[in-house]
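Text of input.pdb (PDB, C-alpha atoms) as supplied:
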```pdb
ATOM      1  CA  MET A   1      28.381-108.143  10.264  1.00  0.00           C
ATOM      2  CA  ARG A   2      24.780-106.976  10.176  1.00  0.00           C
ATOM      3  CA  HIS A   3      24.142-103.430   8.981  1.00  0.00           C
ATOM      4  CA  LEU A   4      20.847-101.841   9.993  1.00  0.00           C
ATOM      5  CA  CYS A   5      19.859-101.014   6.390  1.00  0.00           C
ATOM      6  CA  ASP A   6      20.123-104.747   5.490  1.00  0.00           C
ATOM      7  CA  VAL A   7      17.583-105.866   8.113  1.00  0.00           C
ATOM      8  CA  PRO A   8      13.811-105.912   7.488  1.00  0.00           C
ATOM      9  CA  VAL A   9      11.541-103.874   9.759  1.00  0.00           C
ATOM     10  CA  GLN A  10       9.032-105.866  11.863  1.00  0.00           C
ATOM     11  CA  ARG A  11       6.017-104.686  13.873  1.00  0.00           C
ATOM     12  CA  TRP A  12       6.182-105.125  17.645  1.00  0.00           C
ATOM     13  CA  ARG A  13       4.144-107.908  19.208  1.00  0.00           C
ATOM     14  CA  ASN A  14       1.782-105.303  20.701  1.00  0.00           C
ATOM     15  CA  GLY A  15       1.651-103.218  17.482  1.00  0.00           C
ATOM     16  CA  GLY A  16       3.057-100.117  19.219  1.00  0.00           C
ATOM     17  CA  GLY A  17       6.275 -99.735  17.234  1.00  0.00           C
ATOM     18  CA  VAL A  18       8.815-101.407  14.962  1.00  0.00           C
ATOM     19  CA  THR A  19      12.017-103.368  15.423  1.00  0.00           C
ATOM     20  CA  CYS A  20      14.898-104.606  13.278  1.00  0.00           C
ATOM     21  CA  GLU A  21      16.280-107.988  14.328  1.00  0.00           C
ATOM     22  CA  LEU A  22      20.041-107.793  13.837  1.00  0.00           C
ATOM     23  CA  LEU A  23      20.779-111.355  15.001  1.00  0.00           C
ATOM     24  CA  ALA A  24      18.761-114.274  16.417  1.00  0.00           C
ATOM     25  CA  VAL A  25      20.030-117.711  17.441  1.00  0.00           C
ATOM     26  CA  PRO A  26      18.467-119.860  16.198  1.00  0.00           C
ATOM     27  CA  PRO A  27      16.706-117.716  13.573  1.00  0.00           C
ATOM     28  CA  GLY A  28      12.921-117.436  13.773  1.00  0.00           C
ATOM     29  CA  GLU A  29      10.360-117.277  16.566  1.00  0.00           C
ATOM     30  CA  ASP A  30      12.053-119.920  18.758  1.00  0.00           C
ATOM     31  CA  TRP A  31      15.297-117.957  19.331  1.00  0.00           C
ATOM     32  CA  ARG A  32      17.313-118.517  22.522  1.00  0.00           C
ATOM     33  CA  TRP A  33      18.807-115.038  22.229  1.00  0.00           C
ATOM     34  CA  ARG A  34      18.524-112.083  19.910  1.00  0.00           C
ATOM     35  CA  VAL A  35      19.879-108.595  19.316  1.00  0.00           C
ATOM     36  CA  SER A  36      17.457-106.021  17.921  1.00  0.00           C
ATOM     37  CA  LEU A  37      17.095-102.299  17.383  1.00  0.00           C
ATOM     38  CA  ALA A  38      13.657-100.810  18.152  1.00  0.00           C
ATOM     39  CA  GLU A  39      12.165 -97.459  17.251  1.00  0.00           C
ATOM     40  CA  ILE A  40       9.895 -95.910  19.868  1.00  0.00           C
ATOM     41  CA  ALA A  41       7.808 -93.021  18.506  1.00  0.00           C
ATOM     42  CA  LEU A  42       4.963 -92.914  21.059  1.00  0.00           C
ATOM     43  CA  ASP A  43       4.427 -93.476  24.770  1.00  0.00           C
ATOM     44  CA  GLY A  44       3.027 -96.918  25.609  1.00  0.00           C
ATOM     45  CA  PRO A  45       3.703-100.337  27.153  1.00  0.00           C
ATOM     46  CA  PHE A  46       6.523-102.620  26.090  1.00  0.00           C
ATOM     47  CA  SER A  47       5.609-105.957  24.522  1.00  0.00           C
ATOM     48  CA  PRO A  48       5.595-108.755  27.118  1.00  0.00           C
ATOM     49  CA  PHE A  49       8.368-111.358  26.898  1.00  0.00           C
ATOM     50  CA  PRO A  50       7.760-113.733  29.851  1.00  0.00           C
ATOM     51  CA  GLY A  51      10.801-115.850  30.688  1.00  0.00           C
ATOM     52  CA  VAL A  52      13.162-113.476  28.853  1.00  0.00           C
ATOM     53  CA  ASP A  53      16.179-111.804  30.450  1.00  0.00           C
ATOM     54  CA  ARG A  54      16.337-108.355  28.794  1.00  0.00           C
ATOM     55  CA  TRP A  55      18.970-105.628  28.341  1.00  0.00           C
ATOM     56  CA  PHE A  56      17.946-102.213  26.966  1.00  0.00           C
ATOM     57  CA  ALA A  57      19.965 -99.135  25.915  1.00  0.00           C
ATOM     58  CA  VAL A  58      18.985 -95.861  24.212  1.00  0.00           C
ATOM     59  CA  VAL A  59      21.229 -95.367  21.169  1.00  0.00           C
ATOM     60  CA  GLU A  60      19.507 -92.340  19.601  1.00  0.00           C
ATOM     61  CA  GLY A  61      17.225 -89.645  21.027  1.00  0.00           C
ATOM     62  CA  ALA A  62      17.021 -88.017  24.451  1.00  0.00           C
ATOM     63  CA  GLY A  63      15.826 -91.093  26.312  1.00  0.00           C
ATOM     64  CA  VAL A  64      12.843 -92.728  27.958  1.00  0.00           C
ATOM     65  CA  GLU A  65      11.357 -93.285  31.370  1.00  0.00           C
ATOM     66  CA  LEU A  66      10.260 -96.861  31.986  1.00  0.00           C
ATOM     67  CA  ASP A  67       7.597 -97.207  34.666  1.00  0.00           C
ATOM     68  CA  PHE A  68       7.750-100.618  36.321  1.00  0.00           C
ATOM     69  CA  HIS A  69       4.357-100.425  38.060  1.00  0.00           C
ATOM     70  CA  GLY A  70       5.062 -97.239  40.023  1.00  0.00           C
ATOM     71  CA  ALA A  71       8.872 -97.391  40.082  1.00  0.00           C
ATOM     72  CA  GLY A  72      10.186 -95.207  37.235  1.00  0.00           C
ATOM     73  CA  THR A  73      13.654 -95.637  35.754  1.00  0.00           C
ATOM     74  CA  ARG A  74      15.223 -93.190  33.316  1.00  0.00           C
ATOM     75  CA  CYS A  75      17.241 -94.569  30.414  1.00  0.00           C
ATOM     76  CA  LEU A  76      19.289 -91.903  28.646  1.00  0.00           C
ATOM     77  CA  ARG A  77      21.327 -91.888  25.440  1.00  0.00           C
ATOM     78  CA  SER A  78      24.867 -93.217  25.873  1.00  0.00           C
ATOM     79  CA  HIS A  79      24.267 -94.384  29.467  1.00  0.00           C
ATOM     80  CA  GLN A  80      24.741 -97.868  30.869  1.00  0.00           C
ATOM     81  CA  PRO A  81      22.118-100.340  29.668  1.00  0.00           C
ATOM     82  CA  LEU A  82      19.188-101.336  31.864  1.00  0.00           C
ATOM     83  CA  HIS A  83      18.732-105.016  32.777  1.00  0.00           C
ATOM     84  CA  PHE A  84      15.212-106.286  33.602  1.00  0.00           C
ATOM     85  CA  ASP A  85      12.725-109.156  33.382  1.00  0.00           C
ATOM     86  CA  GLY A  86      11.124-109.176  29.911  1.00  0.00           C
ATOM     87  CA  GLY A  87       7.812-110.197  31.457  1.00  0.00           C
ATOM     88  CA  ALA A  88       7.682-106.994  33.535  1.00  0.00           C
ATOM     89  CA  VAL A  89       6.030-104.947  30.699  1.00  0.00           C
ATOM     90  CA  PRO A  90       7.045-101.427  31.734  1.00  0.00           C
ATOM     91  CA  TYR A  91       5.140 -98.393  30.464  1.00  0.00           C
ATOM     92  CA  CYS A  92       7.454 -96.241  28.333  1.00  0.00           C
ATOM     93  CA  ARG A  93       7.349 -92.431  28.310  1.00  0.00           C
ATOM     94  CA  LEU A  94       9.509 -90.565  25.813  1.00  0.00           C
ATOM     95  CA  LEU A  95      11.517 -87.753  27.437  1.00  0.00           C
ATOM     96  CA  ALA A  96      11.859 -85.519  24.349  1.00  0.00           C
ATOM     97  CA  GLY A  97      10.744 -87.195  21.144  1.00  0.00           C
ATOM     98  CA  PRO A  98      11.348 -90.561  19.467  1.00  0.00           C
ATOM     99  CA  THR A  99      14.229 -92.880  20.372  1.00  0.00           C
ATOM    100  CA  ARG A 100      16.073 -95.801  18.848  1.00  0.00           C
ATOM    101  CA  ASP A 101      16.962 -98.522  21.337  1.00  0.00           C
ATOM    102  CA  LEU A 102      19.260-101.554  21.402  1.00  0.00           C
ATOM    103  CA  ASN A 103      17.910-104.762  22.957  1.00  0.00           C
ATOM    104  CA  LEU A 104      19.601-108.005  23.972  1.00  0.00           C
ATOM    105  CA  MET A 105      17.051-110.698  24.891  1.00  0.00           C
ATOM    106  CA  LEU A 106      17.940-114.107  26.324  1.00  0.00           C
ATOM    107  CA  ARG A 107      15.833-117.164  27.162  1.00  0.00           C
ATOM    108  CA  GLY A 108      15.987-120.936  27.449  1.00  0.00           C
ATOM    109  CA  GLY A 109      19.195-121.001  29.495  1.00  0.00           C
ATOM    110  CA  ALA A 110      21.106-118.409  27.477  1.00  0.00           C
ATOM    111  CA  LYS A 111      23.011-115.898  29.625  1.00  0.00           C
ATOM    112  CA  GLY A 112      24.500-112.597  28.594  1.00  0.00           C
ATOM    113  CA  ALA A 113      25.071-108.928  29.213  1.00  0.00           C
ATOM    114  CA  MET A 114      25.355-105.544  27.496  1.00  0.00           C
ATOM    115  CA  HIS A 115      27.967-102.908  28.413  1.00  0.00           C
ATOM    116  CA  ARG A 116      28.545 -99.324  27.283  1.00  0.00           C
ATOM    117  CA  ALA A 117      31.695 -99.312  25.133  1.00  0.00           C
ATOM    118  CA  HIS A 118      34.274 -96.532  24.864  1.00  0.00           C
ATOM    119  CA  ALA A 119      36.782 -95.957  22.064  1.00  0.00           C
ATOM    120  CA  GLY A 120      40.331 -96.993  22.924  1.00  0.00           C
ATOM    121  CA  GLU A 121      39.403 -99.082  25.989  1.00  0.00           C
ATOM    122  CA  LEU A 122      40.363-102.760  26.063  1.00  0.00           C
ATOM    123  CA  TRP A 123      37.413-105.104  26.685  1.00  0.00           C
ATOM    124  CA  ARG A 124      37.598-108.752  27.826  1.00  0.00           C
ATOM    125  CA  PRO A 125      34.407-110.717  27.051  1.00  0.00           C
ATOM    126  CA  ALA A 126      33.347-113.035  29.875  1.00  0.00           C
ATOM    127  CA  THR A 127      31.485-115.355  27.494  1.00  0.00           C
ATOM    128  CA  THR A 128      31.982-117.622  24.497  1.00  0.00           C
ATOM    129  CA  GLN A 129      30.358-115.228  22.008  1.00  0.00           C
ATOM    130  CA  ALA A 130      30.574-111.447  21.811  1.00  0.00           C
ATOM    131  CA  GLY A 131      29.878-108.477  19.614  1.00  0.00           C
ATOM    132  CA  LEU A 132      29.911-104.720  19.204  1.00  0.00           C
ATOM    133  CA  TYR A 133      27.049-102.476  18.091  1.00  0.00           C
ATOM    134  CA  THR A 134      28.093 -98.991  17.056  1.00  0.00           C
ATOM    135  CA  THR A 135      26.318 -95.903  15.771  1.00  0.00           C
ATOM    136  CA  ALA A 136      29.569 -94.490  14.317  1.00  0.00           C
ATOM    137  CA  ALA A 137      32.149 -95.877  11.900  1.00  0.00           C
ATOM    138  CA  VAL A 138      34.973 -97.518  13.890  1.00  0.00           C
ATOM    139  CA  ARG A 139      37.988 -99.800  13.474  1.00  0.00           C
ATOM    140  CA  VAL A 140      37.856-102.946  15.635  1.00  0.00           C
ATOM    141  CA  HIS A 141      41.040-104.688  16.872  1.00  0.00           C
ATOM    142  CA  THR A 142      41.291-108.223  18.334  1.00  0.00           C
ATOM    143  CA  ASP A 143      43.995-109.705  20.574  1.00  0.00           C
ATOM    144  CA  GLY A 144      45.258-111.747  17.600  1.00  0.00           C
ATOM    145  CA  GLY A 145      46.038-108.586  15.636  1.00  0.00           C
ATOM    146  CA  ALA A 146      43.047-108.795  13.299  1.00  0.00           C
ATOM    147  CA  GLU A 147      41.365-105.524  12.380  1.00  0.00           C
ATOM    148  CA  CYS A 148      38.175-104.622  10.547  1.00  0.00           C
ATOM    149  CA  GLU A 149      36.325-101.476   9.583  1.00  0.00           C
ATOM    150  CA  LEU A 150      32.823-101.287  10.960  1.00  0.00           C
ATOM    151  CA  PRO A 151      30.366 -98.897   9.269  1.00  0.00           C
ATOM    152  CA  VAL A 152      27.751 -96.841  11.143  1.00  0.00           C
ATOM    153  CA  GLU A 153      24.757 -98.675  12.662  1.00  0.00           C
ATOM    154  CA  THR A 154      26.349-102.104  12.448  1.00  0.00           C
ATOM    155  CA  LEU A 155      26.554-105.174  14.663  1.00  0.00           C
ATOM    156  CA  LEU A 156      29.846-107.082  14.497  1.00  0.00           C
ATOM    157  CA  TRP A 157      29.487-110.573  15.997  1.00  0.00           C
ATOM    158  CA  PHE A 158      32.090-113.179  16.977  1.00  0.00           C
ATOM    159  CA  ASP A 159      30.808-116.769  17.349  1.00  0.00           C
ATOM    160  CA  VAL A 160      34.104-117.452  19.120  1.00  0.00           C
ATOM    161  CA  ALA A 161      34.969-114.360  21.117  1.00  0.00           C
ATOM    162  CA  PRO A 162      38.576-113.124  21.092  1.00  0.00           C
ATOM    163  CA  ALA A 163      40.232-112.785  24.509  1.00  0.00           C
ATOM    164  CA  THR A 164      40.319-108.992  24.116  1.00  0.00           C
ATOM    165  CA  LEU A 165      38.697-106.420  21.846  1.00  0.00           C
ATOM    166  CA  ARG A 166      38.970-102.681  21.396  1.00  0.00           C
ATOM    167  CA  PHE A 167      37.885-100.146  18.818  1.00  0.00           C
ATOM    168  CA  ASP A 168      39.072 -96.765  17.592  1.00  0.00           C
ATOM    169  CA  GLY A 169      36.757 -94.115  16.257  1.00  0.00           C
ATOM    170  CA  PRO A 170      34.799 -91.018  17.199  1.00  0.00           C
ATOM    171  CA  HIS A 171      34.527 -90.476  20.924  1.00  0.00           C
ATOM    172  CA  ASP A 172      30.994 -89.082  20.570  1.00  0.00           C
ATOM    173  CA  GLY A 173      29.533 -92.081  18.709  1.00  0.00           C
ATOM    174  CA  PRO A 174      27.835 -94.416  21.217  1.00  0.00           C
ATOM    175  CA  ALA A 175      28.674 -98.130  21.122  1.00  0.00           C
ATOM    176  CA  TRP A 176      27.849-101.223  23.205  1.00  0.00           C
ATOM    177  CA  TRP A 177      29.612-104.520  23.875  1.00  0.00           C
ATOM    178  CA  LEU A 178      27.316-107.549  23.958  1.00  0.00           C
ATOM    179  CA  GLU A 179      28.154-111.004  25.273  1.00  0.00           C
ATOM    180  CA  VAL A 180      26.242-114.279  25.157  1.00  0.00           C
ATOM    181  CA  ASP A 181      26.789-117.786  26.496  1.00  0.00           C
ATOM    182  CA  ASP A 182      24.164-120.498  26.094  1.00  0.00           C
ATOM    183  CA  THR A 183      25.718-122.722  28.764  1.00  0.00           C
ATOM    184  CA  ALA A 184      27.300-120.481  31.428  1.00  0.00           C
ATOM    185  CA  GLU A 185      26.073-119.534  34.881  1.00  0.00           C
ATOM    186  CA  PRO A 186      24.497-116.046  35.098  1.00  0.00           C
ATOM    187  CA  LEU A 187      26.980-113.212  34.539  1.00  0.00           C
ATOM    188  CA  ARG A 188      27.692-110.950  37.472  1.00  0.00           C
TER     189      ARG A 188
END
```

This entry written out as structure tokens:
Amino acid sequence: MRHLCDVPVQRWRNGGGVTCELLAVPPGEDWRWRVSLAEIALDGPFSPFPGVDRWFAVVEGAGVELDFHGAGTRCLRSHQPLHFDGGAVPYCRLLAGPTRDLNLMLRGGAKGAMHRAHAGELWRPATTQAGLYTTAAVRVHTDGGAECELPVETLLWFDVAPATLRFDGPHDGPAWWLEVDDTAEPLR
């Protein structure tokens, strides 16, 4: 488990904001995949990540509009995550003030996905590793009967994903399932 308050804040590559790296495999600059939480306080371009497969979701704030060279896409709080090429470098416009955003980045053959999670719904990971990021305190249940309490703003990660997962908690607290496989074909 990685709680947001236990993770150091890092400046973005382009200096335009800050991020907290919740998990990176392997740790350090040469990661194959990582999960991070970024704070966007001002309009501006994203940092370029050529060769990176990127997932992005707004977890706090009204949302953003990402302009991919003339083709704008709105990303709103609690909506499905956006999947895009990390080398695309969209220009970000805040819709109504600062946001906090969840990122899953994959490179070097790692495959993965991010999905909006809902309390009480059973989820079946399609990969070898999986996790849950939640903004509210929840109780997570696995297919083997194991349970754990997850505090607010925490990433729970399974290096060996259970066959099924579900969580109970507030229905207004946004959460996201994340899945990663370093050896699988691209997820559909």

Residues matched by the PyMOL selection byres ((chain A and resi 182) around 9), written as a ChimeraX atom specification
/A:32-33,106,108-112,128,180-181,183-184

May I have the residues from that selection written out with C-alpha atoms, as a PDB file, in the coordinates of the input?
```
ATOM      1  CA  ARG A  32      17.313-118.517  22.522  1.00  0.00           C
ATOM      2  CA  TRP A  33      18.807-115.038  22.229  1.00  0.00           C
ATOM      3  CA  LEU A 106      17.940-114.107  26.324  1.00  0.00           C
ATOM      4  CA  GLY A 108      15.987-120.936  27.449  1.00  0.00           C
ATOM      5  CA  GLY A 109      19.195-121.001  29.495  1.00  0.00           C
ATOM      6  CA  ALA A 110      21.106-118.409  27.477  1.00  0.00           C
ATOM      7  CA  LYS A 111      23.011-115.898  29.625  1.00  0.00           C
ATOM      8  CA  GLY A 112      24.500-112.597  28.594  1.00  0.00           C
ATOM      9  CA  THR A 128      31.982-117.622  24.497  1.00  0.00           C
ATOM     10  CA  VAL A 180      26.242-114.279  25.157  1.00  0.00           C
ATOM     11  CA  ASP A 181      26.789-117.786  26.496  1.00  0.00           C
ATOM     12  CA  THR A 183      25.718-122.722  28.764  1.00  0.00           C
ATOM     13  CA  ALA A 184      27.300-120.481  31.428  1.00  0.00           C
TER      14      ALA A 184
END
```

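Ranking A:Gly131, A:Gly72, A:Pro174, A:Gly169 by their shortest atom-to-atom distance to Leu155 (chain A), with only C-alpha atoms included, puts A:Gly131 first.
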
Leaving out Trp12 (chain A) and any residue of its chain fewer than 5 positions from it, which residues lie within 9 Å of it when counting all atoms listed in the file, given as a PyMOL selection string?
chain A and resi 17-19+38+46-47

I would like the residues chosen by the PyMOL selection byres ((chain A and resi 20) around 7) on the shown file; could you give them as a ChimeraX atom specification?
/A:7-10,19,21-22,36-38

Let me know the residues the PyMOL selection byres ((chain A and resi 77-92) around 8) catches in the file above, as a PyMOL selection string.
chain A and resi 43-69+75-76+93-94+105+114-116+174-175

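Of the residues under consideration (A:Ala163, A:Leu42, A:Leu150, A:Leu95), A:Ala163 shows the shortest atom-to-atom contact distance to Ala130 (chain A) when counting all atoms listed in the file.
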
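Here CA of Trp176 (chain A) and CA of Ala113 (chain A) stand 10.2 Å from one another.
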
Size and centre in Å, one decimal, axis-aligned box, all listed region 80-83 of chain A atoms plus 8 Å per side, as AutoDock Vina command-line options:
```
--center_x 21.7 --center_y -101.4 --center_z 31.2 --size_x 22.0 --size_y 23.1 --size_z 19.1
```

In Å, rounded to a single decimal, give me how far CA of Pro26 (chain A) is from CA of Glu149 (chain A).
26.5 Å

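Near Glu147 (chain A), within 12 Å and counting only C-alpha atoms, sit Val138, Arg139, Val140, His141, Thr142, Asp143, Gly144, Gly145, Glu149, Leu150, Leu156, Pro162, Leu165, Arg166, Phe167 and Asp168 of chain A, not including residues fewer than 2 positions from it in the same chain.
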
For Trp177 (chain A), which residue out of A:Pro27, A:Gly70, A:Pro125, A:Gly120 is the nearest one, using all atoms listed in the file?
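For Trp177 (chain A), the nearest of the given residues is A:Pro125.
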
CA of Gly173 (chain A) to CA of His118 (chain A), straight-line distance in Å
9.0 Å

Closest of A:Val160, A:Leu102, A:Ala41, A:Ala146 to Gln129 (chain A) - atom-to-atom distances counting all atoms listed in the file:
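So, comparing all the options, the nearest one is A:Val160.
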
Nearest residue to Glu121 (chain A) from the set A:Thr135, A:Thr154, A:Thr99, A:Thr164 (distances using all atoms listed in the file)
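Checking each candidate against Glu121 (chain A), we get A:Thr164 as the closest.
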
Expected residue set, 6 Å radius at (22.6, -110.2, 20.2), all atoms listed in the file, as an NGL selection string:
:A and (23 or 34-35 or 104)
